[in-house]
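Asks: So that you have it, the file is upload-v6.txt, and it contains compact mmCIF, N, CA and C atoms:
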```
# COMPACT_ATOMS: atom_id res chain seq x y z
N PHE A 788 17.66 -14.18 -2.62
CA PHE A 788 16.97 -15.41 -2.93
C PHE A 788 16.74 -15.46 -4.43
N GLN A 789 16.40 -16.66 -4.90
CA GLN A 789 16.11 -16.83 -6.32
C GLN A 789 14.74 -17.49 -6.45
N PHE A 790 13.91 -16.92 -7.35
CA PHE A 790 12.58 -17.44 -7.56
C PHE A 790 12.26 -17.32 -9.04
N ARG A 791 11.89 -18.45 -9.64
CA ARG A 791 11.56 -18.51 -11.06
C ARG A 791 12.63 -17.86 -11.94
N GLY A 792 13.87 -18.16 -11.59
CA GLY A 792 14.99 -17.68 -12.39
C GLY A 792 15.37 -16.23 -12.17
N LYS A 793 14.74 -15.58 -11.21
CA LYS A 793 15.06 -14.17 -10.94
C LYS A 793 15.66 -14.04 -9.55
N ASN A 794 16.67 -13.18 -9.43
CA ASN A 794 17.30 -12.92 -8.15
C ASN A 794 16.61 -11.75 -7.48
N GLY A 795 16.49 -11.81 -6.15
CA GLY A 795 15.87 -10.72 -5.40
C GLY A 795 16.40 -10.68 -3.99
N GLU A 796 16.00 -9.66 -3.28
CA GLU A 796 16.38 -9.50 -1.87
C GLU A 796 15.10 -9.34 -1.06
N ILE A 797 15.17 -9.76 0.18
CA ILE A 797 14.02 -9.67 1.06
C ILE A 797 14.51 -9.18 2.42
N GLY A 798 13.70 -8.39 3.08
CA GLY A 798 14.10 -7.87 4.38
C GLY A 798 12.91 -7.38 5.16
N GLY A 799 13.18 -6.65 6.25
CA GLY A 799 12.14 -6.28 7.18
C GLY A 799 11.63 -4.86 7.09
N ASP A 800 12.01 -4.11 6.06
CA ASP A 800 11.53 -2.73 5.93
C ASP A 800 10.15 -2.70 5.31
N ILE A 801 9.29 -1.82 5.84
CA ILE A 801 7.94 -1.68 5.29
C ILE A 801 7.45 -0.25 5.51
N CYS A 802 6.78 0.28 4.51
CA CYS A 802 6.11 1.58 4.58
C CYS A 802 4.67 1.37 4.15
N ILE A 803 3.73 1.87 4.93
CA ILE A 803 2.31 1.69 4.64
C ILE A 803 1.61 3.04 4.82
N VAL A 804 0.69 3.35 3.92
CA VAL A 804 -0.12 4.55 4.04
C VAL A 804 -1.57 4.17 3.76
N GLY A 805 -2.47 4.73 4.52
CA GLY A 805 -3.90 4.50 4.31
C GLY A 805 -4.67 5.72 4.78
N SER A 806 -5.97 5.66 4.70
CA SER A 806 -6.77 6.78 5.18
C SER A 806 -7.96 6.26 5.98
N ILE A 807 -8.37 7.07 6.95
CA ILE A 807 -9.52 6.74 7.77
C ILE A 807 -10.36 8.00 7.93
N HIS A 808 -11.61 7.80 8.22
CA HIS A 808 -12.51 8.92 8.48
C HIS A 808 -13.09 8.74 9.88
N LEU A 809 -12.73 9.65 10.77
CA LEU A 809 -13.27 9.67 12.13
C LEU A 809 -14.27 10.82 12.23
N GLU A 810 -15.02 10.86 13.31
CA GLU A 810 -15.96 11.96 13.48
C GLU A 810 -15.25 13.31 13.47
N SER A 811 -13.98 13.33 13.90
CA SER A 811 -13.21 14.58 13.95
C SER A 811 -12.62 14.96 12.59
N GLY A 812 -12.76 14.08 11.59
CA GLY A 812 -12.27 14.41 10.25
C GLY A 812 -11.57 13.25 9.58
N GLU A 813 -11.02 13.54 8.42
CA GLU A 813 -10.27 12.54 7.66
C GLU A 813 -8.80 12.62 8.01
N TYR A 814 -8.16 11.45 8.05
CA TYR A 814 -6.75 11.37 8.41
C TYR A 814 -6.02 10.43 7.46
N THR A 815 -4.79 10.80 7.15
CA THR A 815 -3.88 9.89 6.46
C THR A 815 -3.08 9.20 7.55
N VAL A 816 -3.09 7.90 7.54
CA VAL A 816 -2.41 7.09 8.55
C VAL A 816 -1.18 6.46 7.90
N PHE A 817 -0.08 6.42 8.63
CA PHE A 817 1.15 5.87 8.06
C PHE A 817 1.93 5.05 9.06
N ALA A 818 2.75 4.16 8.52
CA ALA A 818 3.70 3.38 9.31
C ALA A 818 4.98 3.25 8.51
N ASN A 819 6.09 3.44 9.16
CA ASN A 819 7.40 3.18 8.58
C ASN A 819 8.12 2.32 9.61
N ALA A 820 8.46 1.11 9.23
CA ALA A 820 9.00 0.16 10.21
C ALA A 820 10.15 -0.65 9.64
N ASP A 821 10.90 -1.22 10.56
CA ASP A 821 11.99 -2.13 10.22
C ASP A 821 11.96 -3.27 11.23
N ALA A 822 11.51 -4.43 10.78
CA ALA A 822 11.45 -5.61 11.66
C ALA A 822 12.85 -6.19 11.82
N MET A 823 13.16 -6.63 13.01
CA MET A 823 14.49 -7.14 13.34
C MET A 823 14.73 -8.50 12.69
N GLY A 824 15.97 -8.73 12.34
CA GLY A 824 16.36 -10.02 11.81
C GLY A 824 16.90 -9.90 10.40
N LYS A 825 17.59 -10.91 9.99
CA LYS A 825 18.18 -10.94 8.66
C LYS A 825 17.24 -11.63 7.70
N SER A 826 17.12 -11.07 6.54
CA SER A 826 16.42 -11.69 5.43
C SER A 826 15.01 -12.13 5.78
N ILE A 827 14.77 -13.43 5.84
CA ILE A 827 13.43 -13.97 5.97
C ILE A 827 12.82 -13.67 7.35
N GLN A 828 13.64 -13.61 8.42
CA GLN A 828 13.09 -13.29 9.74
C GLN A 828 12.55 -11.86 9.75
N GLY A 829 13.30 -10.92 9.20
CA GLY A 829 12.82 -9.54 9.11
C GLY A 829 11.61 -9.43 8.22
N ALA A 830 11.60 -10.16 7.12
CA ALA A 830 10.46 -10.14 6.21
C ALA A 830 9.20 -10.67 6.90
N GLY A 831 9.35 -11.69 7.73
CA GLY A 831 8.22 -12.22 8.48
C GLY A 831 7.64 -11.18 9.42
N GLY A 832 8.52 -10.43 10.09
CA GLY A 832 8.07 -9.36 10.98
C GLY A 832 7.36 -8.25 10.22
N ALA A 833 7.87 -7.91 9.03
CA ALA A 833 7.24 -6.88 8.20
C ALA A 833 5.85 -7.35 7.75
N LEU A 834 5.73 -8.62 7.41
CA LEU A 834 4.43 -9.17 7.02
C LEU A 834 3.43 -9.11 8.17
N VAL A 835 3.88 -9.48 9.36
CA VAL A 835 3.00 -9.44 10.53
C VAL A 835 2.55 -8.00 10.77
N LEU A 836 3.47 -7.05 10.75
CA LEU A 836 3.12 -5.66 10.98
C LEU A 836 2.14 -5.17 9.92
N GLY A 837 2.39 -5.50 8.66
CA GLY A 837 1.51 -5.06 7.58
C GLY A 837 0.12 -5.64 7.69
N VAL A 838 0.02 -6.90 8.05
CA VAL A 838 -1.30 -7.54 8.17
C VAL A 838 -2.10 -6.93 9.32
N VAL A 839 -1.47 -6.74 10.47
CA VAL A 839 -2.18 -6.17 11.62
C VAL A 839 -2.57 -4.72 11.31
N PHE A 840 -1.68 -3.95 10.72
CA PHE A 840 -1.97 -2.56 10.36
C PHE A 840 -3.18 -2.50 9.42
N GLN A 841 -3.18 -3.32 8.39
CA GLN A 841 -4.29 -3.32 7.43
C GLN A 841 -5.60 -3.79 8.08
N ALA A 842 -5.51 -4.74 9.01
CA ALA A 842 -6.71 -5.20 9.71
C ALA A 842 -7.32 -4.07 10.55
N VAL A 843 -6.48 -3.31 11.22
CA VAL A 843 -6.97 -2.18 12.01
C VAL A 843 -7.60 -1.13 11.10
N LEU A 844 -6.96 -0.85 9.96
CA LEU A 844 -7.53 0.11 9.01
C LEU A 844 -8.89 -0.36 8.49
N SER A 845 -9.01 -1.65 8.21
CA SER A 845 -10.27 -2.15 7.66
C SER A 845 -11.39 -2.08 8.69
N ARG A 846 -11.06 -2.14 9.98
CA ARG A 846 -12.07 -2.00 11.03
C ARG A 846 -12.41 -0.54 11.32
N ALA A 847 -11.67 0.38 10.71
CA ALA A 847 -11.84 1.81 11.00
C ALA A 847 -13.23 2.32 10.63
N ASN A 848 -14.01 1.56 9.89
CA ASN A 848 -15.34 2.01 9.50
C ASN A 848 -16.41 1.70 10.54
N SER A 849 -16.04 1.01 11.62
CA SER A 849 -17.04 0.69 12.64
C SER A 849 -17.45 1.95 13.40
N SER A 850 -18.65 1.95 13.92
CA SER A 850 -19.14 3.14 14.62
C SER A 850 -18.31 3.44 15.87
N TYR A 851 -17.83 2.40 16.57
CA TYR A 851 -17.00 2.61 17.76
C TYR A 851 -15.72 3.34 17.38
N THR A 852 -15.08 2.89 16.33
CA THR A 852 -13.83 3.49 15.90
C THR A 852 -14.03 4.92 15.43
N LYS A 853 -15.10 5.18 14.72
CA LYS A 853 -15.35 6.53 14.20
C LYS A 853 -15.47 7.56 15.31
N ARG A 854 -15.95 7.15 16.47
CA ARG A 854 -16.14 8.09 17.58
C ARG A 854 -14.85 8.35 18.35
N ARG A 855 -13.81 7.59 18.09
CA ARG A 855 -12.55 7.75 18.83
C ARG A 855 -11.83 9.03 18.40
N PRO A 856 -11.30 9.79 19.34
CA PRO A 856 -10.45 10.91 18.95
C PRO A 856 -9.16 10.36 18.31
N PRO A 857 -8.50 11.13 17.47
CA PRO A 857 -7.34 10.60 16.74
C PRO A 857 -6.24 10.04 17.64
N GLU A 858 -5.96 10.68 18.75
CA GLU A 858 -4.88 10.17 19.60
C GLU A 858 -5.25 8.82 20.23
N LEU A 859 -6.51 8.59 20.54
CA LEU A 859 -6.92 7.29 21.08
C LEU A 859 -6.96 6.23 19.98
N TRP A 860 -7.35 6.62 18.76
CA TRP A 860 -7.32 5.68 17.64
C TRP A 860 -5.89 5.22 17.40
N LEU A 861 -4.94 6.16 17.43
CA LEU A 861 -3.53 5.82 17.22
C LEU A 861 -3.02 4.93 18.36
N LYS A 862 -3.45 5.22 19.58
CA LYS A 862 -3.05 4.38 20.72
C LYS A 862 -3.59 2.96 20.53
N ASP A 863 -4.84 2.83 20.10
CA ASP A 863 -5.41 1.50 19.86
C ASP A 863 -4.59 0.73 18.82
N LEU A 864 -4.18 1.42 17.75
CA LEU A 864 -3.35 0.79 16.72
C LEU A 864 -2.04 0.31 17.33
N TYR A 865 -1.39 1.17 18.10
CA TYR A 865 -0.13 0.80 18.73
C TYR A 865 -0.30 -0.39 19.68
N VAL A 866 -1.33 -0.34 20.53
CA VAL A 866 -1.55 -1.41 21.50
C VAL A 866 -1.77 -2.75 20.80
N GLU A 867 -2.51 -2.74 19.71
CA GLU A 867 -2.74 -3.98 18.97
C GLU A 867 -1.43 -4.51 18.36
N LEU A 868 -0.66 -3.64 17.75
CA LEU A 868 0.63 -4.06 17.19
C LEU A 868 1.56 -4.56 18.29
N GLN A 869 1.64 -3.84 19.40
CA GLN A 869 2.50 -4.23 20.51
C GLN A 869 2.11 -5.59 21.06
N SER A 870 0.82 -5.83 21.22
CA SER A 870 0.39 -7.12 21.79
C SER A 870 0.71 -8.28 20.85
N VAL A 871 0.57 -8.07 19.55
CA VAL A 871 0.90 -9.13 18.60
C VAL A 871 2.40 -9.42 18.63
N PHE A 872 3.23 -8.39 18.58
CA PHE A 872 4.68 -8.60 18.60
C PHE A 872 5.14 -9.17 19.94
N ALA A 873 4.54 -8.74 21.04
CA ALA A 873 4.91 -9.26 22.36
C ALA A 873 4.58 -10.74 22.49
N SER A 874 3.58 -11.21 21.74
CA SER A 874 3.20 -12.62 21.83
C SER A 874 4.29 -13.55 21.29
N PHE A 875 5.28 -13.01 20.60
CA PHE A 875 6.39 -13.82 20.09
C PHE A 875 7.52 -13.94 21.11
N ASP A 876 7.31 -13.47 22.33
CA ASP A 876 8.25 -13.61 23.45
C ASP A 876 9.67 -13.16 23.11
N GLY A 877 9.79 -12.01 22.48
CA GLY A 877 11.10 -11.44 22.21
C GLY A 877 11.78 -11.92 20.94
N SER A 878 11.18 -12.87 20.22
CA SER A 878 11.80 -13.37 19.00
C SER A 878 11.43 -12.54 17.77
N MET A 879 10.50 -11.58 17.95
CA MET A 879 10.13 -10.70 16.84
C MET A 879 9.95 -9.29 17.39
N LEU A 880 10.82 -8.39 16.96
CA LEU A 880 10.77 -7.00 17.37
C LEU A 880 10.76 -6.13 16.13
N SER A 881 10.24 -4.91 16.25
CA SER A 881 10.24 -3.99 15.12
C SER A 881 10.30 -2.55 15.61
N SER A 882 11.21 -1.78 15.04
CA SER A 882 11.16 -0.34 15.27
C SER A 882 10.09 0.20 14.34
N VAL A 883 9.42 1.28 14.75
CA VAL A 883 8.32 1.79 13.94
C VAL A 883 8.03 3.25 14.27
N VAL A 884 7.65 3.99 13.27
CA VAL A 884 7.00 5.28 13.45
C VAL A 884 5.59 5.12 12.92
N LEU A 885 4.60 5.33 13.79
CA LEU A 885 3.19 5.29 13.43
C LEU A 885 2.65 6.70 13.54
N GLY A 886 1.81 7.09 12.62
CA GLY A 886 1.25 8.43 12.74
C GLY A 886 0.00 8.63 11.93
N MET A 887 -0.60 9.77 12.16
CA MET A 887 -1.76 10.18 11.38
C MET A 887 -1.74 11.69 11.23
N VAL A 888 -2.09 12.13 10.02
CA VAL A 888 -2.08 13.54 9.67
C VAL A 888 -3.49 13.95 9.29
N GLY A 889 -3.99 15.03 9.92
CA GLY A 889 -5.30 15.56 9.60
C GLY A 889 -5.24 16.49 8.41
N LYS A 890 -6.39 16.85 7.89
CA LYS A 890 -6.49 17.77 6.75
C LYS A 890 -5.83 19.12 7.05
N ASN A 891 -5.82 19.50 8.34
CA ASN A 891 -5.23 20.77 8.73
C ASN A 891 -3.70 20.71 8.89
N GLY A 892 -3.11 19.51 8.63
CA GLY A 892 -1.66 19.35 8.74
C GLY A 892 -1.17 18.96 10.12
N TYR A 893 -2.08 18.85 11.09
CA TYR A 893 -1.70 18.46 12.45
C TYR A 893 -1.36 16.97 12.44
N ILE A 894 -0.26 16.62 13.07
CA ILE A 894 0.19 15.23 13.07
C ILE A 894 0.27 14.68 14.49
N TYR A 895 -0.18 13.45 14.64
CA TYR A 895 -0.04 12.67 15.85
C TYR A 895 0.88 11.52 15.48
N TYR A 896 1.90 11.23 16.29
CA TYR A 896 2.78 10.13 15.94
C TYR A 896 3.43 9.49 17.16
N ILE A 897 3.90 8.28 16.92
CA ILE A 897 4.59 7.48 17.93
C ILE A 897 5.89 7.00 17.30
N ASN A 898 6.98 7.13 18.02
CA ASN A 898 8.25 6.60 17.54
C ASN A 898 8.73 5.56 18.53
N ALA A 899 8.71 4.31 18.10
CA ALA A 899 9.16 3.20 18.93
C ALA A 899 10.54 2.75 18.45
N GLU A 900 11.56 3.46 18.92
CA GLU A 900 12.97 3.17 18.66
C GLU A 900 13.33 3.13 17.17
N HIS A 901 12.64 3.91 16.37
CA HIS A 901 12.95 4.05 14.94
C HIS A 901 13.85 5.27 14.80
N PRO A 902 14.59 5.40 13.71
CA PRO A 902 15.39 6.63 13.55
C PRO A 902 14.51 7.87 13.69
N TRP A 903 15.09 8.91 14.24
CA TRP A 903 14.34 10.13 14.53
C TRP A 903 13.78 10.75 13.26
N SER A 904 12.60 11.32 13.42
CA SER A 904 11.90 11.97 12.31
C SER A 904 12.52 13.33 12.03
N ILE A 905 12.40 13.74 10.78
CA ILE A 905 12.96 15.03 10.35
C ILE A 905 11.83 15.90 9.80
N LEU A 906 11.84 17.16 10.18
CA LEU A 906 10.91 18.14 9.64
C LEU A 906 11.68 19.00 8.65
N TYR A 907 11.15 19.08 7.45
CA TYR A 907 11.75 19.94 6.42
C TYR A 907 10.81 21.11 6.17
N ARG A 908 11.24 22.30 6.58
CA ARG A 908 10.38 23.48 6.47
C ARG A 908 11.24 24.68 6.05
N ASP A 909 10.76 25.40 5.04
CA ASP A 909 11.45 26.60 4.56
C ASP A 909 12.91 26.33 4.21
N GLY A 910 13.16 25.18 3.61
CA GLY A 910 14.51 24.85 3.17
C GLY A 910 15.45 24.39 4.26
N VAL A 911 14.93 24.17 5.46
CA VAL A 911 15.76 23.75 6.59
C VAL A 911 15.25 22.42 7.12
N ALA A 912 16.15 21.45 7.28
CA ALA A 912 15.81 20.15 7.85
C ALA A 912 16.28 20.10 9.30
N SER A 913 15.42 19.59 10.18
CA SER A 913 15.80 19.46 11.59
C SER A 913 15.11 18.24 12.18
N PHE A 914 15.77 17.62 13.16
CA PHE A 914 15.17 16.51 13.87
C PHE A 914 14.03 17.03 14.74
N ILE A 915 12.93 16.29 14.80
CA ILE A 915 11.84 16.71 15.68
C ILE A 915 11.84 15.91 16.98
N GLU A 916 12.77 14.99 17.09
CA GLU A 916 12.96 14.23 18.33
C GLU A 916 14.41 14.37 18.74
N THR A 917 14.66 14.30 20.02
CA THR A 917 16.03 14.41 20.49
C THR A 917 16.40 13.32 21.50
N GLU A 918 15.42 12.47 21.83
CA GLU A 918 15.71 11.40 22.79
C GLU A 918 14.78 10.21 22.55
N LEU A 919 15.25 9.05 22.96
CA LEU A 919 14.48 7.82 22.86
C LEU A 919 13.41 7.81 23.94
N SER A 920 12.15 7.58 23.54
CA SER A 920 11.10 7.55 24.55
C SER A 920 10.41 6.18 24.65
N MET A 921 10.48 5.38 23.58
CA MET A 921 9.81 4.07 23.59
C MET A 921 10.72 3.03 22.95
N ARG A 922 10.59 1.80 23.42
CA ARG A 922 11.36 0.68 22.85
C ARG A 922 10.61 0.12 21.64
N LYS A 923 11.25 -0.80 20.93
CA LYS A 923 10.66 -1.43 19.74
C LYS A 923 9.36 -2.17 20.08
N LEU A 924 8.51 -2.34 19.06
CA LEU A 924 7.34 -3.20 19.22
C LEU A 924 7.80 -4.58 19.64
N GLY A 925 7.09 -5.18 20.57
CA GLY A 925 7.43 -6.52 21.04
C GLY A 925 8.28 -6.51 22.29
N PHE A 926 8.86 -5.37 22.66
CA PHE A 926 9.67 -5.27 23.86
C PHE A 926 8.75 -5.38 25.08
N PRO A 927 9.08 -6.24 26.04
CA PRO A 927 8.19 -6.43 27.21
C PRO A 927 7.92 -5.13 27.96
N ARG A 928 6.72 -4.99 28.47
CA ARG A 928 6.29 -3.84 29.28
C ARG A 928 6.50 -2.50 28.56
N ASN A 929 6.37 -2.52 27.25
CA ASN A 929 6.57 -1.31 26.44
C ASN A 929 5.44 -0.31 26.66
N ASN A 930 4.26 -0.78 27.03
CA ASN A 930 3.11 0.11 27.18
C ASN A 930 3.30 1.14 28.30
N SER A 931 4.18 0.84 29.26
CA SER A 931 4.38 1.76 30.37
C SER A 931 5.11 3.03 29.93
N HIS A 932 5.76 3.00 28.77
CA HIS A 932 6.50 4.16 28.26
C HIS A 932 5.78 4.81 27.07
N PHE A 933 4.52 4.46 26.89
CA PHE A 933 3.76 4.92 25.73
C PHE A 933 3.67 6.46 25.71
N GLN A 934 3.89 7.03 24.52
CA GLN A 934 3.84 8.48 24.40
C GLN A 934 3.46 8.87 22.97
N ILE A 935 2.39 9.64 22.82
CA ILE A 935 2.03 10.19 21.52
C ILE A 935 2.61 11.59 21.44
N LYS A 936 3.26 11.86 20.33
CA LYS A 936 3.84 13.19 20.11
C LYS A 936 3.01 13.91 19.05
N THR A 937 3.05 15.23 19.06
CA THR A 937 2.30 16.03 18.09
C THR A 937 3.23 17.05 17.45
```
Taking this structure as input, can you express it in the form of C-alpha cells?
Replies:
Amino acid sequence: FQFRGKNGEIGGDICIVGSIHLESGEYTVFANADAMGKSIQGAGGALVLGVVFQAVLSRANSSYTKRRPPELWLKDLYVELQSVFASFDGSMLSSVVLGMVGKNGYIYYINAEHPWSILYRDGVASFIETELSMRKLGFPRNNSHFQIKT
C-alpha cells in the first residue's frame, strides 16, 4: 500500500509481550499469531487479536484475576480470543501460540495450529511439539480440543 508518499506492506502477523502479576507470582505473557487472509484481511485479524489480548492484560489487575492459577488465567485468555474470532462465523481465523513464563522459567502455552515451537538448549534445537492438538482461533467447537502444554 502507499500512504503519504511512502510504500509499505501490511499483513496478519503479530507478536505481543506483556507482564502480569498473579498471587502465584509474576509472569511474562506472550502471543505469536498469524491471522488468515491476504493483506488487509489478515491485518484486521491481527488488530482484533491485539486489542483483545491487550484488554485481557489490562484487566489482569483485578482481584478475581490475581487469584487465578496461571493455567486458568491462560485458559481465560484463550477462551476470550476464541469467542471473539468465532463470532465472525469462519471469516476470521488465526493460528496462535499463547503462553506465559514464570520467574522460575516454567512455561504454560497453547498452540492453536501455529508452527511448532522450538526449544534451544545447550546448542541443540528441537521441536517441543510433534502433533496438531488444536485448530486455529475462530474454528467452530475449538474449545473441545483445548489443551495447555507445559
Asks: Could you check how far atom CA of Arg908 of chain A sits from atom C of Pro856 of chain A, in Å to one decimal?
Replies: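 Separation between atom CA of Arg908 of chain A and atom C of Pro856 of chain A: 26.3 Å.
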Asks: So, counting only C-alpha atoms, which residue among A:Leu834, A:Leu844, A:Ile803, A:Met823 is closest to Glu900 of chain A?
Replies: A:Met823
Asks: Check the smallest atom-to-atom distance from each of A:Gly792, A:Glu916, A:Val839, A:Lys853 to Ser811 of chain A using all atoms listed in the file, then report the winner.
Replies: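 Answer, going by the shortest atom-to-atom distance: A:Lys853.
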Asks: Neighbouring residues of Gln934 of chain A were defined as those with any atom within 7 Å, considering all atoms listed in the file; residues of the same chain fewer than 5 positions away were excluded. Please report them as a CSV table (one decimal) with N, CA and C atoms, in the coordinates of the input.
Replies:
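Everything below was put into around-v1.csv:
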```
chain,number,residue,atom,x,y,z
A,896,TYR,N,1.9,11.2,16.3
A,896,TYR,CA,2.8,10.1,15.9
A,896,TYR,C,3.4,9.5,17.2
A,897,ILE,N,3.9,8.3,16.9
A,897,ILE,CA,4.6,7.5,17.9
A,897,ILE,C,5.9,7.0,17.3
A,898,ASN,N,7.0,7.1,18.0
A,898,ASN,CA,8.2,6.6,17.5
A,898,ASN,C,8.7,5.6,18.5
A,920,SER,N,12.2,7.6,23.5
A,920,SER,CA,11.1,7.6,24.6
A,920,SER,C,10.4,6.2,24.6
A,921,MET,N,10.5,5.4,23.6
A,921,MET,CA,9.8,4.1,23.6
A,921,MET,C,10.7,3.0,23.0
```
Asks: For Glu858 of chain A, find every residue with an atom within 8 Å (counting all atoms listed in the file), except residues of its own chain fewer than 5 positions away, and show them as a PyMOL selection string.
Replies: chain A and resi 863-864+895-896+935
Asks: Can you write out the residues you just picked, keeping N, CA and C atoms, as a PDB file, keeping the file's coordinate frame?
Replies:
```
ATOM      1  N   ASP A 863      -4.840   2.830  20.100  1.00  0.00           N
ATOM      2  CA  ASP A 863      -5.410   1.500  19.860  1.00  0.00           C
ATOM      3  C   ASP A 863      -4.590   0.730  18.820  1.00  0.00           C
ATOM      4  N   LEU A 864      -4.180   1.420  17.750  1.00  0.00           N
ATOM      5  CA  LEU A 864      -3.350   0.790  16.720  1.00  0.00           C
ATOM      6  C   LEU A 864      -2.040   0.310  17.330  1.00  0.00           C
ATOM      7  N   TYR A 895      -0.180  13.450  14.640  1.00  0.00           N
ATOM      8  CA  TYR A 895      -0.040  12.670  15.850  1.00  0.00           C
ATOM      9  C   TYR A 895       0.880  11.520  15.480  1.00  0.00           C
ATOM     10  N   TYR A 896       1.900  11.230  16.290  1.00  0.00           N
ATOM     11  CA  TYR A 896       2.780  10.130  15.940  1.00  0.00           C
ATOM     12  C   TYR A 896       3.430   9.490  17.160  1.00  0.00           C
ATOM     13  N   ILE A 935       2.390   9.640  22.820  1.00  0.00           N
ATOM     14  CA  ILE A 935       2.030  10.190  21.520  1.00  0.00           C
ATOM     15  C   ILE A 935       2.610  11.590  21.440  1.00  0.00           C
TER      16      ILE A 935
END
```
Asks: Taking only chain A into account, list the residues labelled helix (DSSP H, G or I) by DSSP (computed from the backbone), as a PyMOL selection string.
Replies: chain A and resi 827-848+850-853+857-873+929-932
